[in-house]
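*Asks:* Sharing coords00.json (JSON, C-alpha atoms) below.
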[["chain", "number", "residue", "atom", "x", "y", "z"],
["T", 27, "MET", "CA", -6.85, -12.43, 23.62],
["T", 28, "ALA", "CA", -9.71, -10.48, 25.15],
["T", 29, "GLU", "CA", -12.95, -10.65, 23.23],
["T", 30, "SER", "CA", -12.74, -8.22, 20.36],
["T", 31, "PRO", "CA", -15.57, -5.91, 19.31],
["T", 32, "ALA", "CA", -14.96, -7.38, 15.86],
["T", 33, "THR", "CA", -17.28, -10.28, 16.53],
["T", 34, "ALA", "CA", -20.54, -8.93, 15.13],
["T", 35, "GLY", "CA", -21.46, -8.03, 11.56],
["T", 36, "SER", "CA", -19.79, -9.19, 8.37],
["T", 37, "PHE", "CA", -16.77, -6.84, 8.03],
["T", 38, "ARG", "CA", -14.45, -5.92, 10.89],
["T", 39, "HIS", "CA", -11.28, -3.81, 10.68],
["T", 40, "VAL", "CA", -9.35, -3.82, 13.96],
["T", 41, "GLY", "CA", -6.24, -1.82, 14.86],
["T", 42, "PHE", "CA", -4.16, -3.83, 17.36],
["T", 43, "PHE", "CA", -1.69, -1.78, 19.44],
["T", 44, "TYR", "CA", 1.06, -3.87, 21.02],
["T", 45, "ARG", "CA", 4.22, -3.23, 23.03],
["T", 46, "ALA", "CA", 6.04, -6.56, 23.35],
["T", 47, "ALA", "CA", 6.85, -9.50, 21.08],
["T", 48, "LYS", "CA", 5.05, -11.97, 23.35],
["T", 49, "GLU", "CA", 1.87, -9.89, 23.34],
["T", 50, "TYR", "CA", 2.13, -9.59, 19.57],
["T", 51, "ALA", "CA", 2.62, -13.30, 18.91],
["T", 52, "THR", "CA", 0.00, -14.45, 21.42],
["T", 53, "THR", "CA", -2.71, -12.08, 20.22],
["T", 54, "VAL", "CA", -2.17, -12.62, 16.51],
["T", 55, "ALA", "CA", -1.94, -16.41, 16.95],
["T", 56, "ALA", "CA", -5.17, -16.44, 18.98],
["T", 57, "PHE", "CA", -6.96, -14.43, 16.29],
["T", 58, "LEU", "CA", -5.77, -16.79, 13.54],
["T", 59, "GLY", "CA", -6.20, -19.91, 15.67],
["T", 60, "ASP", "CA", -9.85, -19.07, 16.30],
["T", 61, "GLY", "CA", -10.29, -18.90, 12.54],
["T", 62, "VAL", "CA", -8.56, -22.22, 11.99],
["T", 63, "ALA", "CA", -10.73, -23.86, 14.67],
["T", 64, "ALA", "CA", -13.84, -22.53, 12.93],
["T", 65, "GLY", "CA", -12.68, -23.80, 9.54],
["T", 66, "GLU", "CA", -12.19, -20.25, 8.22],
["T", 67, "PRO", "CA", -9.57, -19.38, 5.57],
["T", 68, "THR", "CA", -6.78, -17.43, 7.29],
["T", 69, "PHE", "CA", -4.03, -15.28, 5.80],
["T", 70, "VAL", "CA", -1.26, -13.30, 7.50],
["T", 71, "ALA", "CA", 1.10, -10.77, 5.88],
["T", 72, "VAL", "CA", 3.62, -9.20, 8.27],
["T", 73, "PRO", "CA", 7.32, -8.30, 7.98],
["T", 74, "GLU", "CA", 9.48, -11.37, 7.51],
["T", 75, "GLY", "CA", 11.13, -11.30, 10.93],
["T", 76, "ARG", "CA", 7.75, -11.57, 12.64],
["T", 77, "LEU", "CA", 6.38, -14.46, 10.62],
["T", 78, "SER", "CA", 8.30, -17.01, 12.70],
["T", 79, "LEU", "CA", 6.96, -15.52, 15.94],
["T", 80, "ILE", "CA", 3.41, -16.12, 14.75],
["T", 81, "ALA", "CA", 4.11, -19.56, 13.30],
["T", 82, "ASP", "CA", 5.75, -20.70, 16.54],
["T", 83, "ALA", "CA", 2.82, -19.41, 18.60],
["T", 84, "LEU", "CA", 0.35, -21.17, 16.30],
["T", 85, "GLY", "CA", 2.15, -24.51, 16.45],
["T", 86, "ALA", "CA", 0.47, -27.18, 14.34],
["T", 87, "ASP", "CA", -2.27, -24.74, 13.29],
["T", 88, "SER", "CA", 0.32, -22.81, 11.24],
["T", 89, "ARG", "CA", 0.00, -25.47, 8.51],
["T", 90, "ARG", "CA", -3.53, -24.22, 7.83],
["T", 91, "VAL", "CA", -2.58, -20.54, 7.57],
["T", 92, "GLU", "CA", -1.28, -18.76, 4.45],
["T", 93, "PHE", "CA", 1.81, -16.62, 5.17],
["T", 94, "ALA", "CA", 3.34, -13.74, 3.20],
["T", 95, "ASP", "CA", 6.25, -11.37, 3.83],
["T", 96, "MET", "CA", 4.74, -7.89, 3.95],
["T", 97, "THR", "CA", 8.07, -6.23, 3.11],
["T", 98, "GLU", "CA", 7.68, -7.83, -0.34],
["T", 99, "MET", "CA", 3.90, -8.05, -0.75],
["T", 100, "GLY", "CA", 3.37, -4.54, 0.61],
["T", 101, "ARG", "CA", 6.59, -2.85, -0.47],
["T", 102, "ASN", "CA", 4.22, -0.66, -2.45],
["T", 103, "PRO", "CA", 1.16, -0.33, -0.19],
["T", 104, "GLY", "CA", -0.99, 0.05, -3.32],
["T", 105, "ARG", "CA", -0.53, -3.67, -4.02],
["T", 106, "ILE", "CA", -1.98, -4.93, -0.73],
["T", 107, "ILE", "CA", -5.73, -4.51, -1.26],
["T", 108, "PRO", "CA", -5.85, -6.47, -4.53],
["T", 109, "ARG", "CA", -3.80, -9.28, -2.97],
["T", 110, "VAL", "CA", -6.20, -9.53, -0.03],
["T", 111, "GLN", "CA", -9.20, -9.21, -2.37],
["T", 112, "ALA", "CA", -7.90, -12.17, -4.35],
["T", 113, "PHE", "CA", -7.80, -14.22, -1.14],
["T", 114, "VAL", "CA", -11.34, -13.16, -0.24],
["T", 115, "ASP", "CA", -12.57, -13.97, -3.76],
["T", 116, "LEU", "CA", -10.87, -17.37, -3.69],
["T", 117, "HIS", "CA", -12.90, -18.24, -0.59],
["T", 118, "ALA", "CA", -16.20, -16.65, -1.60],
["T", 119, "GLY", "CA", -19.05, -17.67, 0.70],
["T", 120, "GLN", "CA", -16.73, -18.17, 3.69],
["T", 121, "HIS", "CA", -15.79, -15.89, 6.56],
["T", 122, "VAL", "CA", -12.14, -14.90, 6.06],
["T", 123, "ARG", "CA", -9.54, -13.76, 8.59],
["T", 124, "TYR", "CA", -6.56, -11.65, 7.59],
["T", 125, "VAL", "CA", -3.71, -10.13, 9.59],
["T", 126, "GLY", "CA", -1.88, -7.33, 7.80],
["T", 127, "GLU", "CA", 0.97, -5.19, 9.18],
["T", 128, "PRO", "CA", 1.79, -2.61, 6.50],
["T", 129, "ILE", "CA", 3.39, -0.02, 8.82],
["T", 130, "TRP", "CA", 6.77, -0.38, 10.52],
["T", 131, "ALA", "CA", 9.31, 2.05, 11.90],
["T", 132, "SER", "CA", 11.90, 1.98, 9.09],
["T", 133, "ARG", "CA", 9.37, 2.99, 6.45],
["T", 134, "SER", "CA", 10.18, 6.35, 4.84],
["T", 135, "ARG", "CA", 7.85, 9.27, 5.45],
["T", 136, "ALA", "CA", 6.34, 8.86, 1.98],
["T", 137, "GLU", "CA", 5.88, 5.11, 2.53],
["T", 138, "LEU", "CA", 4.20, 5.70, 5.90],
["T", 139, "ARG", "CA", 1.81, 8.17, 4.31],
["T", 140, "GLU", "CA", 0.83, 5.74, 1.55],
["T", 141, "ALA", "CA", 0.54, 2.82, 4.00],
["T", 142, "THR", "CA", -1.80, 4.98, 6.09],
["T", 143, "ARG", "CA", -3.82, 5.74, 2.95],
["T", 144, "HIS", "CA", -4.02, 1.99, 2.35],
["T", 145, "GLU", "CA", -5.38, 1.42, 5.86],
["T", 146, "ALA", "CA", -8.07, 4.03, 5.29],
["T", 147, "LEU", "CA", -9.03, 2.57, 1.91],
["T", 148, "VAL", "CA", -9.44, -0.91, 3.41],
["T", 149, "ASN", "CA", -12.71, 0.33, 4.92],
["T", 150, "LEU", "CA", -14.00, 1.29, 1.48],
["T", 151, "ALA", "CA", -12.59, -1.66, -0.47],
["T", 152, "PHE", "CA", -14.01, -4.35, 1.83],
["T", 153, "ALA", "CA", -17.22, -2.72, 3.03],
["T", 154, "GLY", "CA", -19.78, -5.52, 3.13],
["T", 155, "ALA", "CA", -17.18, -8.28, 2.75],
["T", 156, "ASP", "CA", -17.42, -11.29, 5.06],
["T", 157, "ALA", "CA", -13.95, -10.64, 6.41],
["T", 158, "GLU", "CA", -12.21, -9.81, 9.67],
["T", 159, "ILE", "CA", -8.96, -7.84, 9.40],
["T", 160, "LEU", "CA", -6.47, -7.32, 12.24],
["T", 161, "CYS", "CA", -3.70, -4.72, 11.79],
["T", 162, "PRO", "CA", -0.85, -4.72, 14.36],
["T", 163, "TYR", "CA", 0.92, -1.47, 15.37],
["T", 164, "ASP", "CA", 4.12, -1.44, 17.44],
["T", 165, "THR", "CA", 3.52, 1.43, 19.88],
["T", 166, "THR", "CA", 7.11, 1.30, 21.20],
["T", 167, "ARG", "CA", 8.65, 2.10, 17.82],
["T", 168, "LEU", "CA", 6.04, 4.03, 15.86],
["T", 169, "GLY", "CA", 5.52, 7.74, 16.43],
["T", 170, "GLN", "CA", 2.46, 9.12, 18.16],
["T", 171, "ALA", "CA", 1.25, 10.66, 14.90],
["T", 172, "VAL", "CA", 1.19, 7.20, 13.28],
["T", 173, "ILE", "CA", -0.81, 5.75, 16.19],
["T", 174, "ALA", "CA", -3.23, 8.68, 16.12],
["T", 175, "GLU", "CA", -3.84, 8.09, 12.42],
["T", 176, "ALA", "CA", -4.42, 4.38, 13.05],
["T", 177, "MET", "CA", -7.24, 5.39, 15.38],
["T", 178, "GLN", "CA", -8.76, 7.32, 12.47],
["T", 179, "THR", "CA", -8.44, 4.47, 9.97],
["T", 180, "HIS", "CA", -9.71, 1.61, 12.16],
["T", 181, "PRO", "CA", -13.30, 1.54, 13.44],
["T", 182, "LEU", "CA", -12.29, -0.96, 16.15],
["T", 183, "LEU", "CA", -9.24, -0.93, 18.43],
["T", 184, "LEU", "CA", -7.56, -3.59, 20.57],
["T", 185, "SER", "CA", -4.85, -2.83, 23.15],
["T", 186, "GLY", "CA", -3.73, -4.11, 26.53],
["T", 187, "GLY", "CA", -6.22, -6.96, 26.32],
["T", 188, "GLY", "CA", -9.13, -4.55, 25.99],
["T", 189, "ALA", "CA", -11.24, -3.77, 22.93],
["T", 190, "ARG", "CA", -13.24, -0.66, 22.07],
["T", 191, "THR", "CA", -14.85, 1.26, 19.26],
["T", 192, "SER", "CA", -12.64, 4.07, 17.97],
["T", 193, "ALA", "CA", -14.16, 7.48, 18.65],
["T", 194, "GLU", "CA", -11.62, 8.93, 16.21],
["T", 195, "TYR", "CA", -12.64, 6.74, 13.25],
["T", 196, "ALA", "CA", -13.04, 8.94, 10.15],
["T", 197, "GLY", "CA", -15.53, 6.69, 8.33],
["T", 198, "PRO", "CA", -15.18, 4.61, 5.15],
["T", 199, "PHE", "CA", -14.55, 7.70, 2.99],
["T", 200, "GLY", "CA", -12.32, 9.49, 5.48],
["T", 201, "LEU", "CA", -8.57, 9.99, 5.13],
["T", 202, "PRO", "CA", -6.17, 11.27, 7.80],
["T", 203, "SER", "CA", -5.00, 14.78, 6.97],
["T", 204, "SER", "CA", -1.44, 13.63, 6.21],
["T", 205, "CYS", "CA", -2.72, 11.63, 3.24],
["T", 206, "GLY", "CA", -3.94, 14.79, 1.55],
["T", 207, "ALA", "CA", -0.85, 16.85, 2.34],
["T", 208, "PRO", "CA", 1.03, 18.22, -0.69],
["T", 209, "LEU", "CA", 3.85, 16.05, -1.95],
["T", 210, "SER", "CA", 7.35, 17.12, -0.99],
["T", 211, "ALA", "CA", 8.93, 19.59, -3.39],
["T", 212, "ARG", "CA", 10.85, 18.01, -6.22],
["T", 213, "PRO", "CA", 14.58, 18.91, -6.16],
["T", 214, "ASP", "CA", 15.95, 21.81, -8.17],
["T", 215, "THR", "CA", 18.13, 19.31, -10.04],
["T", 216, "ALA", "CA", 15.12, 17.43, -11.45],
["T", 217, "MET", "CA", 15.03, 17.06, -15.23],
["T", 218, "ILE", "CA", 11.80, 18.59, -16.61],
["T", 219, "HIS", "CA", 10.16, 17.75, -19.93],
["T", 220, "THR", "CA", 6.81, 18.91, -21.32],
["T", 221, "TYR", "CA", 4.95, 16.57, -23.69],
["T", 222, "ARG", "CA", 1.89, 17.24, -25.85],
["T", 223, "SER", "CA", 1.50, 14.36, -28.28],
["T", 224, "ASP", "CA", 4.58, 12.24, -28.86],
["T", 225, "LEU", "CA", 5.59, 9.96, -25.96],
["T", 226, "SER", "CA", 8.76, 8.64, -27.58],
["T", 227, "GLN", "CA", 10.84, 11.37, -25.94],
["T", 228, "VAL", "CA", 9.22, 10.62, -22.56],
["T", 229, "ARG", "CA", 10.22, 6.97, -22.85],
["T", 230, "ALA", "CA", 13.74, 7.82, -24.03],
["T", 231, "LEU", "CA", 14.34, 10.26, -21.16],
["T", 232, "VAL", "CA", 13.12, 7.79, -18.54],
["T", 233, "LEU", "CA", 15.28, 4.99, -19.94],
["T", 234, "LYS", "CA", 18.37, 7.21, -20.10],
["T", 235, "SER", "CA", 17.85, 8.50, -16.57],
["T", 236, "ALA", "CA", 17.17, 5.01, -15.19],
["T", 237, "ARG", "CA", 20.40, 3.67, -16.67],
["T", 238, "GLU", "CA", 22.40, 6.63, -15.41],
["T", 239, "ALA", "CA", 20.98, 6.07, -11.92],
["T", 240, "GLY", "CA", 22.13, 2.44, -12.01],
["T", 241, "LEU", "CA", 18.76, 0.74, -12.32],
["T", 242, "PRO", "CA", 19.09, -2.82, -13.76],
["T", 243, "ASP", "CA", 17.81, -3.16, -17.33],
["T", 244, "GLU", "CA", 14.66, -5.12, -16.44],
["T", 245, "ARG", "CA", 13.67, -2.62, -13.76],
["T", 246, "ALA", "CA", 14.47, 0.27, -16.07],
["T", 247, "GLY", "CA", 12.11, -1.24, -18.65],
["T", 248, "ASP", "CA", 9.39, -1.55, -16.00],
["T", 249, "LEU", "CA", 9.80, 2.11, -15.07],
["T", 250, "VAL", "CA", 9.61, 3.19, -18.71],
["T", 251, "LEU", "CA", 6.38, 1.20, -19.09],
["T", 252, "ALA", "CA", 4.86, 2.69, -15.92],
["T", 253, "VAL", "CA", 5.65, 6.30, -16.84],
["T", 254, "SER", "CA", 4.46, 5.74, -20.40],
["T", 255, "GLU", "CA", 1.10, 4.43, -19.13],
["T", 256, "VAL", "CA", 0.55, 7.50, -16.94],
["T", 257, "ALA", "CA", 1.66, 9.91, -19.66],
["T", 258, "ALA", "CA", -0.66, 8.21, -22.14],
["T", 259, "ASN", "CA", -3.57, 9.04, -19.81],
["T", 260, "THR", "CA", -2.70, 12.72, -20.28],
["T", 261, "LEU", "CA", -3.18, 12.38, -24.01],
["T", 262, "ARG", "CA", -6.37, 10.32, -23.66],
["T", 263, "HIS", "CA", -8.16, 12.34, -21.02],
["T", 264, "THR", "CA", -6.90, 15.94, -21.09],
["T", 265, "PRO", "CA", -6.73, 18.60, -23.82],
["T", 266, "SER", "CA", -3.50, 20.12, -22.51],
["T", 267, "ALA", "CA", 0.14, 19.15, -22.12],
["T", 268, "GLY", "CA", 1.68, 17.09, -19.35],
["T", 269, "THR", "CA", 4.92, 17.56, -17.45],
["T", 270, "LEU", "CA", 7.48, 14.85, -16.71],
["T", 271, "ALA", "CA", 10.03, 15.34, -13.93],
["T", 272, "ILE", "CA", 12.85, 12.87, -13.16],
["T", 273, "TRP", "CA", 15.37, 12.82, -10.33],
["T", 274, "HIS", "CA", 17.35, 10.30, -8.34],
["T", 275, "ASP", "CA", 19.56, 9.84, -5.31],
["T", 276, "PRO", "CA", 21.78, 6.87, -4.36],
["T", 277, "HIS", "CA", 18.70, 4.92, -3.19],
["T", 278, "GLU", "CA", 15.96, 5.47, -5.76],
["T", 279, "ILE", "CA", 14.86, 7.09, -8.99],
["T", 280, "VAL", "CA", 11.63, 9.06, -9.04],
["T", 281, "CYS", "CA", 9.49, 9.95, -12.05],
["T", 282, "GLU", "CA", 6.59, 12.36, -11.72],
["T", 283, "ILE", "CA", 3.79, 13.15, -14.17],
["T", 284, "ARG", "CA", 1.58, 16.20, -13.74],
["T", 285, "ASP", "CA", -1.40, 17.12, -15.91],
["T", 286, "ASP", "CA", -4.85, 18.74, -15.80],
["T", 287, "GLY", "CA", -6.80, 15.48, -15.51],
["T", 288, "VAL", "CA", -8.86, 14.51, -12.48],
["T", 289, "ILE", "CA", -9.08, 11.01, -10.95],
["T", 290, "THR", "CA", -12.19, 10.65, -8.80],
["T", 291, "ASP", "CA", -11.96, 6.96, -7.80],
["T", 292, "PRO", "CA", -9.98, 6.66, -4.53],
["T", 293, "LEU", "CA", -9.31, 2.99, -5.35],
["T", 294, "ALA", "CA", -7.97, 3.66, -8.85],
["T", 295, "GLY", "CA", -5.13, 1.23, -9.51],
["T", 296, "ARG", "CA", -5.92, -0.79, -6.38],
["T", 297, "ARG", "CA", -8.50, -3.07, -8.00],
["T", 298, "ARG", "CA", -7.45, -5.75, -10.46],
["T", 299, "PRO", "CA", -9.27, -4.84, -13.69],
["T", 300, "ALA", "CA", -11.35, -7.51, -15.40],
["T", 301, "PRO", "CA", -9.57, -8.97, -18.46],
["T", 302, "ASN", "CA", -12.22, -7.51, -20.77],
["T", 303, "ALA", "CA", -12.34, -4.09, -19.05],
["T", 304, "LEU", "CA", -11.89, -1.16, -21.41],
["T", 305, "GLY", "CA", -9.98, 0.93, -18.86],
["T", 306, "GLY", "CA", -8.23, 0.78, -15.51],
["T", 307, "HIS", "CA", -5.22, -1.24, -16.65],
["T", 308, "GLY", "CA", -2.72, 1.65, -16.65],
["T", 309, "LEU", "CA", -2.66, 2.60, -12.97],
["T", 310, "TRP", "CA", -2.98, -1.07, -12.03],
["T", 311, "LEU", "CA", 0.22, -1.81, -13.96],
["T", 312, "VAL", "CA", 1.97, 1.20, -12.42],
["T", 313, "HIS", "CA", 1.27, -0.11, -8.91],
["T", 314, "GLN", "CA", 2.48, -3.60, -9.85],
["T", 315, "VAL", "CA", 5.93, -2.53, -11.11],
["T", 316, "CYS", "CA", 6.79, 0.49, -8.93],
["T", 317, "ASP", "CA", 8.05, 0.29, -5.36],
["T", 318, "LEU", "CA", 5.93, 3.25, -4.28],
["T", 319, "VAL", "CA", 3.24, 5.30, -6.01],
["T", 320, "GLU", "CA", 2.01, 8.65, -4.70],
["T", 321, "LEU", "CA", -1.13, 9.96, -6.40],
["T", 322, "ARG", "CA", -2.78, 13.32, -5.68],
["T", 323, "SER", "CA", -5.77, 14.52, -7.67],
["T", 324, "ASP", "CA", -8.22, 17.40, -7.23],
["T", 325, "ASN", "CA", -9.89, 20.00, -9.41],
["T", 326, "THR", "CA", -6.52, 21.59, -10.17],
["T", 327, "GLY", "CA", -5.13, 18.43, -11.76],
["T", 328, "THR", "CA", -3.34, 15.17, -11.02],
["T", 329, "THR", "CA", 0.18, 14.31, -9.93],
["T", 330, "VAL", "CA", 1.47, 10.72, -10.04],
["T", 331, "ARG", "CA", 4.89, 10.19, -8.47],
["T", 332, "MET", "CA", 6.50, 6.80, -9.18],
["T", 333, "HIS", "CA", 9.44, 5.51, -7.11],
["T", 334, "MET", "CA", 11.80, 2.70, -8.07],
["T", 335, "ALA", "CA", 14.50, 1.50, -5.67],
["T", 336, "ILE", "CA", 17.94, 1.23, -7.27],
["T", 337, "ARG", "CA", 18.94, -1.47, -4.80],
["T", 338, "SER", "CA", 16.94, -3.70, -2.47],
["T", 339, "PRO", "CA", 14.72, -1.67, -0.12],
["T", 340, "ARG", "CA", 15.88, -1.09, 3.45],
["T", 341, "PRO", "CA", 15.34, -4.12, 5.70],
["T", 342, "LEU", "CA", 12.93, -3.92, 8.61],
["T", 343, "SER", "CA", 14.54, -2.46, 11.72]]
Rewrite the structure from the file as structure tokens, please.

*Replies:*
Amino acid sequence: MAESPATAGSFRHVGFFYRAAKEYATTVAAFLGDGVAAGEPTFVAVPEGRLSLIADALGADSRRVEFADMTEMGRNPGRIIPRVQAFVDLHAGQHVRYVGEPIWASRSRAELREATRHEALVNLAFAGADAEILCPYDTTRLGQAVIAEAMQTHPLLLSGGGARTSAEYAGPFGLPSSCGAPLSARPDTAMIHTYRSDLSQVRALVLKSAREAGLPDERAGDLVLAVSEVAANTLRHTPSAGTLAIWHDPHEIVCEIRDDGVITDPLAGRRRPAPNALGGHGLWLVHQVCDLVELRSDNTGTTVRMHMAIRSPRPLS
């Protein structure tokens, strides 16, 4: 791998654009192998089918690298930052290397948008951390819009053996425009319920809808808990009513809460709250149990859209 610009300073976030499996495996293995040789903790989370490519390229060094399947760990992109933060915290005082590939071609449009949001928030979440993060992007299968957004979310870029600073980088507080785009319209068939004080009807409607959609009992209970947590925030933090919408298709059930509250922390729900923290547990729990969470908040109010797959999510293709 050509020398990366991510070799100076404490935190580096590098977008790696690749075209072929050999280039992918060789570059990622070299990045991790350099960490292993330096005695640095190394962690890689990529889609399952690509883990073996990296392990084979690493050879014996693979025994000193932690591996995770990103299609599970990052099914909901909102769960990735706290998982990586836990790894960084576990190795406090050491320089850490992490490879994360949260974006692949078979992601839905909503998933791609939230994975892009995750990539932007990495710059804020790990600012000042002694960590080097490499994020691979398959330029043969991902659309040009996705690649253009990667240039905005990564201050450093690596492609074709060459490294450069990204002129398009939006900064640690910047988000690509797609991340702020309005959520898709909910279907006309969505069930709508307004709540003002009592959440028992909210919980009953979610449970009934989840069962009708075919969600297994345990997952249905998780969805009820997630929606209840968000709806409870309406009662705690706003003087007005909230609106619950529920709909489903053969693949997933979606529950949406809208209210007049405002969430100002862009990392809300993406930091593990301290055990004795008075707040912050609700959105954290929502991210842990849902397969995708879309959150939009401005001075007009907040919308939290929670997705739960009825069956196993689509495999990587």

*Asks:* Can you tell me which residues surround T:Ala86 at a distance of at most 10 Å, considering all atoms listed in the file, apart from same-chain residues fewer than 5 positions away, and format the answer as number ranges by chain?

*Replies:* T: 59, 81, 91

*Asks:* Using all atoms listed in the file and a cutoff of 12 Å, can you tell me which residues are near (-4.3, 18.7, -22.5) in the file's coordinates, and write them out as a PyMOL selection string?

*Replies:* chain T and resi 220-223+257-269+284-288+327

*Asks:* What is the atom CA of T:Ile80 to atom CA of T:Tyr195 distance in Å?

*Replies:*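 If I compute the distance from atom CA of T:Ile80 to atom CA of T:Tyr195, I get 28.0 Å.
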
*Asks:* Within 8 Å of (-11.2, -3.6, -5.5) in the file's own coordinates, which protein, DNA or RNA residues have an atom, counting all atoms listed in the file? List them as a PyMOL selection string.

*Replies:* chain T and resi 107-108+111+151-152+293+296-298

*Asks:* So, counting all atoms listed in the file, which residue among T:Glu145, T:Asp60, T:Asp317, T:Asp324 is closest to T:Asp248?

*Replies:*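 Under the stated criterion, the closest residue is T:Asp317.
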
*Asks:* Closest to T:Ala153 among T:Pro198, T:Ser204, T:Leu209, T:Trp273, using only C-alpha atoms?

*Replies:*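 Smallest distance to T:Ala153 is found for T:Pro198.
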
*Asks:* Which residue is closest to T:Ile106? Choose from T:Ser134, T:Gln314, T:Thr290, T:Thr215 and count all atoms listed in the file.

*Replies:*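 Comparing T:Ser134, T:Gln314, T:Thr290, T:Thr215 against T:Ile106, the winner is T:Gln314.
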
*Asks:* Using only C-alpha atoms, which of the listed residues (T:Ser226, T:Asn149, T:Pro162, T:Glu320) sits closest to T:Ala196?

*Replies:*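 Going through T:Ser226, T:Asn149, T:Pro162, T:Glu320 one by one, the smallest distance to T:Ala196 is for T:Asn149.
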
*Asks:* I need the residue nearest T:Pro103 from this list: T:Leu147, T:Leu270, T:Ile218, T:Ile283. Use all atoms listed in the file for the distance.

*Replies:*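 Ranked by minimum distance to T:Pro103, first place goes to T:Leu147.
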
*Asks:* So which one's closest to T:Ile336, T:Leu58, T:Ala246, T:Ala294, T:Ile272? Using only C-alpha atoms, please.

*Replies:*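 With only C-alpha atoms as the atom set, the closest residue is T:Ala246.
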
*Asks:* Can you work out the spacing between atom CA of T:His313 and atom CA of T:Pro67 in Å, to one decimal?

*Replies:*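 Computing the Euclidean distance for atom CA of T:His313 and atom CA of T:Pro67 yields 26.4 Å.
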
*Asks:* What does the distance from atom CA of T:Ala118 to atom CA of T:Ala155 come to in Å, to one decimal?

*Replies:*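 These atoms are spaced 9.5 Å apart.
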
*Asks:* Can you list, as a PyMOL selection string, every protein, DNA or RNA residue that comes within 7 Å of T:Ala71 when you count only C-alpha atoms, leaving out same-chain residues fewer than 3 positions away?

*Replies:* chain T and resi 93-96+125-127

*Asks:* If you count all atoms listed in the file, which residues fall within 12 Å of T:Gln120, apart from same-chain ones fewer than 6 positions away, as a list in words?

*Replies:*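 Non-adjacent residues within range: Ser36, Gly61, Ala64, Gly65, Glu66, Pro67, Thr68, Phe113, Val114, Ala155, Asp156, Ala157 and Glu158 of chain T.
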
*Asks:* I'd like the contact shell of T:Pro276 - 9 Å cut-off, all atoms listed in the file, skipping same-chain residues fewer than 6 positions apart - returned as a short mmCIF file (atom, residue, chain, number, x, y, z; two decimals) with C-alpha atoms, in the frame of the given file.

*Replies:*
data_model
loop_
_atom_site.label_atom_id
_atom_site.label_comp_id
_atom_site.auth_asym_id
_atom_site.auth_seq_id
_atom_site.Cartn_x
_atom_site.Cartn_y
_atom_site.Cartn_z
CA ALA T 239 20.98 6.07 -11.92
CA GLY T 240 22.13 2.44 -12.01
CA ILE T 336 17.94 1.23 -7.27
CA ARG T 337 18.94 -1.47 -4.80
#
